[in-house]
Each structure stands twice: as C-alpha cells, then as structure tokens.
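For reference, the structure discussed in these notes is given below.
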Amino acid sequence: MAVPVLPRLRAARWLAFGIPTVLLGGALVSQYVFGLAPCEMCWWQRYPHMFAILLGALAFFWRPVRPLVAVAALAVLVSGLIGGFHAGVEYGWWQGVTACTASPFAAGGDPLAAIMAAPVIRCDVAPWSLMGISLAGWNFLISTIGALAVFALVAGSGNAGGRTK
C-alpha cells in the first residue's frame with residue numbers, strides 16, 4: 001500500500017515518477033522500435049532518469065516522502081540540463097565535450113571485429129526532430145519544466161512532511 005500524503009505531494013510524487021518513466025520509455029522505444037541508436041550524451045541523459053524512477057517508486061512506499069520526491073525532481077532536472085547541453089551541441093551553439101560513439105560490443109563474437117564494424121553515432125547530429133526540436137531538446141523542455149513543477153508542488157506541500165491530515 002502506498003504511503004498516504006497530502007494532495008500536492010501526491011501530485012509531485014506522481015510527476016517525479018511519471019515524467020522520467022515516460023521520457024525514458026520514449027527513448028527506449030525510439031531506440032528499439034524505430035532504430036535511433038543513442039550517442040554518448042543520450043546515455044548521459046538516461047542515467048538521471050533511471051535514478052529518478054527508482055526514487056519516485058520508493059516515494060510511494062517509504063518515508064519521508066518529500067525528500068525522495070525532491071531528489072527525484074533534482075535528477076529529472078539534471079537530465080534536462082544535460083539534454084539542453086546536448087541540444088546546443090546538435091544545433092552547433094557550442095562544442096561537445098567528447099568523441100561520441102556507440103558501444104561496439106555485442107553479445108559474443110569477436111570484440112575487435114565489433115569495434116571495427118560499429119557505426120559511429122555522432123552527438124552533434126540530431127537523428128530526429130519534431131517542430132525543429134531534437135529529442136535532446138524535448139528532454140530539456142519536458143524535464144526542466146516538469147522538475148520545476150515538482151519543486152513547486154513539494155515546496156507548496158507545507159510543513160506536513162508528507163503526512164496526511
């Protein structure tokens with residue numbers, strides 16, 4: 001059974017869990033269904049979402065709820081900021097910090113042959129966009145706005161500390 005909380009904190013908890021779940025799910029669908037292989041910076045954006053999903057899920061069953069939700073929102077914000085940096089690299093606003101390549105290792109086989117045959121996934125090229133905004137740009141917008149909304153809900157939940165009335 002979920003830990004009971006006041007309505008604003010309940011909404012924050014759902015957002016802190018739902019936003020990274022939907023965004024990471026979308027990234028996985030784009031990778032495995034539509035064949036958009038992630039670059040290194042795409043992976044960087046996924047890790048904070050994974051952490052936020054874990055914390056968001058814990059917030060349903062473990063006290064204190066407010067700190068768990070707040071740290072999950074911070075992880076979502078970190079992913080969004082990485083997405084903003086990545087989008088800037090894609091749009092040519094600044095230089096990336098790494099040589100972006102995909103992991104060449106597949107299960108079994110010759111590792112050297114896998115390295116030589118692996119395609120290079122560039123971080124400075126957006127493989128897909130909607131309304132001129134890349135996937136990294138969408139992650140920036142949704143994660144940043146979502147995290148700020150969670151922070152506002154957590155702050156507005158008062159001194160109840162996640163407890164019910």
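In the structure tokens, each chain is lettered A, B, ... as it comes, each chain's residues begin at 1, and ligands are numbered from 1 in order of appearance.
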Selection near A:Phe61, 6 Å with only C-alpha atoms, sequence-local residues under 2 positions removed, as JSON, numbers by chain: {"A": [2, 3, 58, 59]}
Restricted to C-alpha atoms, what would the selected residues look like written as a PDB file, in the first residue's frame?
```pdb
ATOM      1  CA  ALA A   2       1.262   3.460  -0.896  1.00  0.00           C
ATOM      2  CA  VAL A   3       2.296   5.893   1.822  1.00  0.00           C
ATOM      3  CA  LEU A  58      10.454   4.444  -3.415  1.00  0.00           C
ATOM      4  CA  ALA A  59       8.439   7.559  -2.550  1.00  0.00           C
TER       5      ALA A  59
END
```
Would you pick out the contacts of stretch 128-143 of chain A at 8 Å or less, using only C-alpha atoms, so that residues sharing its chain but fewer than 3 positions from it are not included, and give the list as a PyMOL selection string? chain A and resi 19-20+23+42+76-77+79-84+86-87+146-147
Would you please work out which residue, of A:Ala16, A:Ile145, A:Val71, A:Val78, is nearest to A:Trp44 when using only C-alpha atoms?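 Closest to A:Trp44, using only C-alpha atoms: A:Val78.
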Which residues in chain A does DSSP call alpha helix (DSSP H)? List them as a ChimeraX atom specification. /A:7-32,40-58,65-90,111-117,135-155
How many Å lie between atom CA of A:Pro127 and atom CA of A:Ala37, rounded to one decimal? 8.7 Å
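What separates atom CA of A:Leu15 from atom CA of A:Ala149 is a distance of 8.3 Å.
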Using only C-alpha atoms, determine which residues lie at most 12 Å from A:Ala11, disregarding the query and same-chain residues fewer than 2 positions distant; provide the list as a ChimeraX atom specification. /A:4-9,13-19,56,59-60,65-66,69,146,149-154,156-157,162
Extract the full set of strand (DSSP E or B) residues from chain A according to DSSP on the backbone, and format it as a PyMOL selection string. chain A and resi 129-130+133-134
Compile the contact shell of A:Thr21 as a list of chain:residue names: residues with an atom at most 9 Å away, counting only C-alpha atoms, same-chain residues fewer than 3 positions apart removed. A:Ala16, A:Phe17, A:Gly18, A:Leu24, A:Gly25, A:Gly26, A:His49, A:Met50, A:Ala52, A:Ile53
The selected residues should be written to file as a PDB file, in the first residue's frame (atoms: N, CA and C atoms).
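Generated output (part-v1.pdb):
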```pdb
ATOM      1  N   ALA A  16       7.136  13.159 -10.338  1.00  0.00           N
ATOM      2  CA  ALA A  16       8.542  12.775 -10.170  1.00  0.00           C
ATOM      3  C   ALA A  16       8.796  11.349 -10.636  1.00  0.00           C
ATOM      4  N   PHE A  17       7.779  10.517 -10.589  1.00  0.00           N
ATOM      5  CA  PHE A  17       7.897   9.155 -11.087  1.00  0.00           C
ATOM      6  C   PHE A  17       7.503   9.073 -12.565  1.00  0.00           C
ATOM      7  N   GLY A  18       6.447   9.766 -12.942  1.00  0.00           N
ATOM      8  CA  GLY A  18       5.889   9.630 -14.288  1.00  0.00           C
ATOM      9  C   GLY A  18       6.702  10.285 -15.389  1.00  0.00           C
ATOM     10  N   LEU A  24      12.089   8.145 -20.470  1.00  0.00           N
ATOM     11  CA  LEU A  24      12.996   7.020 -20.687  1.00  0.00           C
ATOM     12  C   LEU A  24      12.320   5.959 -21.544  1.00  0.00           C
ATOM     13  N   GLY A  25      11.030   5.734 -21.323  1.00  0.00           N
ATOM     14  CA  GLY A  25      10.290   4.795 -22.170  1.00  0.00           C
ATOM     15  C   GLY A  25      10.288   5.245 -23.625  1.00  0.00           C
ATOM     16  N   GLY A  26      10.101   6.535 -23.846  1.00  0.00           N
ATOM     17  CA  GLY A  26      10.151   7.067 -25.211  1.00  0.00           C
ATOM     18  C   GLY A  26      11.514   6.886 -25.849  1.00  0.00           C
ATOM     19  N   HIS A  49      17.447   9.848 -15.273  1.00  0.00           N
ATOM     20  CA  HIS A  49      16.048   9.398 -15.344  1.00  0.00           C
ATOM     21  C   HIS A  49      15.891   8.054 -14.638  1.00  0.00           C
ATOM     22  N   MET A  50      16.848   7.155 -14.821  1.00  0.00           N
ATOM     23  CA  MET A  50      16.785   5.863 -14.142  1.00  0.00           C
ATOM     24  C   MET A  50      16.789   6.055 -12.623  1.00  0.00           C
ATOM     25  N   ALA A  52      15.844   8.771 -11.010  1.00  0.00           N
ATOM     26  CA  ALA A  52      14.586   9.417 -10.628  1.00  0.00           C
ATOM     27  C   ALA A  52      13.444   8.412 -10.568  1.00  0.00           C
ATOM     28  N   ILE A  53      13.424   7.468 -11.487  1.00  0.00           N
ATOM     29  CA  ILE A  53      12.383   6.435 -11.460  1.00  0.00           C
ATOM     30  C   ILE A  53      12.492   5.616 -10.179  1.00  0.00           C
TER      31      ILE A  53
END
```
Contact residues around A:Val89 with only C-alpha atoms at 10 Å, ignoring same-chain residues under 2 positions, as a list in words: Met41, Gly83, Gly84, Phe85, His86, Ala87, Tyr91, Gly92, Trp93, Trp94, Gln95, Gly96, Val97, Cys123, Asp124, Val125, Ala126 and Ala136 of chain A
Let's have the selection written as an mmCIF file, in the first residue's frame, with N, CA and C atoms.
```
data_model
loop_
_atom_site.group_PDB
_atom_site.id
_atom_site.type_symbol
_atom_site.label_atom_id
_atom_site.label_comp_id
_atom_site.auth_asym_id
_atom_site.auth_seq_id
_atom_site.Cartn_x
_atom_site.Cartn_y
_atom_site.Cartn_z
ATOM 1 N N MET A 41 26.029 11.197 -25.256
ATOM 2 C CA MET A 41 25.290 12.181 -24.468
ATOM 3 C C MET A 41 23.837 11.762 -24.258
ATOM 4 N N GLY A 83 20.314 17.363 -21.411
ATOM 5 C CA GLY A 83 19.625 17.443 -22.691
ATOM 6 C C GLY A 83 19.764 18.809 -23.339
ATOM 7 N N GLY A 84 19.714 19.867 -22.523
ATOM 8 C CA GLY A 84 19.909 21.214 -23.053
ATOM 9 C C GLY A 84 21.308 21.403 -23.610
ATOM 10 N N PHE A 85 22.302 20.889 -22.894
ATOM 11 C CA PHE A 85 23.673 20.957 -23.388
ATOM 12 C C PHE A 85 23.797 20.166 -24.693
ATOM 13 N N HIS A 86 23.212 18.959 -24.709
ATOM 14 C CA HIS A 86 23.274 18.116 -25.905
ATOM 15 C C HIS A 86 22.583 18.795 -27.088
ATOM 16 N N ALA A 87 21.433 19.404 -26.848
ATOM 17 C CA ALA A 87 20.729 20.110 -27.920
ATOM 18 C C ALA A 87 21.588 21.253 -28.468
ATOM 19 N N TYR A 91 22.694 21.751 -32.325
ATOM 20 C CA TYR A 91 22.402 22.965 -33.082
ATOM 21 C C TYR A 91 23.651 23.757 -33.433
ATOM 22 N N GLY A 92 24.815 23.302 -32.957
ATOM 23 C CA GLY A 92 26.067 23.962 -33.269
ATOM 24 C C GLY A 92 26.328 25.213 -32.457
ATOM 25 N N TRP A 93 25.637 25.356 -31.320
ATOM 26 C CA TRP A 93 25.823 26.534 -30.485
ATOM 27 C C TRP A 93 27.135 26.467 -29.720
ATOM 28 N N TRP A 94 27.612 25.268 -29.405
ATOM 29 C CA TRP A 94 28.879 25.063 -28.714
ATOM 30 C C TRP A 94 29.417 23.681 -29.038
ATOM 31 N N GLN A 95 30.650 23.468 -28.654
ATOM 32 C CA GLN A 95 31.358 22.219 -28.919
ATOM 33 C C GLN A 95 31.006 21.187 -27.846
ATOM 34 N N GLY A 96 30.880 19.937 -28.255
ATOM 35 C CA GLY A 96 30.674 18.863 -27.298
ATOM 36 C C GLY A 96 31.950 18.553 -26.537
ATOM 37 N N VAL A 97 31.841 17.781 -25.474
ATOM 38 C CA VAL A 97 32.998 17.509 -24.631
ATOM 39 C C VAL A 97 33.642 16.150 -24.903
ATOM 40 N N CYS A 123 27.138 12.889 -31.640
ATOM 41 C CA CYS A 123 26.341 13.704 -30.720
ATOM 42 C C CYS A 123 25.945 15.045 -31.321
ATOM 43 N N ASP A 124 26.637 15.455 -32.363
ATOM 44 C CA ASP A 124 26.362 16.771 -32.932
ATOM 45 C C ASP A 124 25.382 16.721 -34.104
ATOM 46 N N VAL A 125 24.756 15.578 -34.308
ATOM 47 C CA VAL A 125 23.766 15.424 -35.371
ATOM 48 C C VAL A 125 22.484 14.879 -34.748
ATOM 49 N N ALA A 126 21.407 15.623 -34.896
ATOM 50 C CA ALA A 126 20.116 15.163 -34.372
ATOM 51 C C ALA A 126 19.520 14.151 -35.351
ATOM 52 N N ALA A 136 16.887 15.513 -27.727
ATOM 53 C CA ALA A 136 17.582 16.122 -26.593
ATOM 54 C C ALA A 136 16.906 17.434 -26.195
#
```
Using only C-alpha atoms, find the one residue out of A:Glu90, A:Arg10, A:Trp62, A:Val120 that sits nearest to A:Cys39. A:Val120
Rounded to one decimal in Å, what is the spacing between atom CA of A:Phe51 and atom CA of A:Leu28?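 Computing the Euclidean distance for atom CA of A:Phe51 and atom CA of A:Leu28 yields 15.8 Å.
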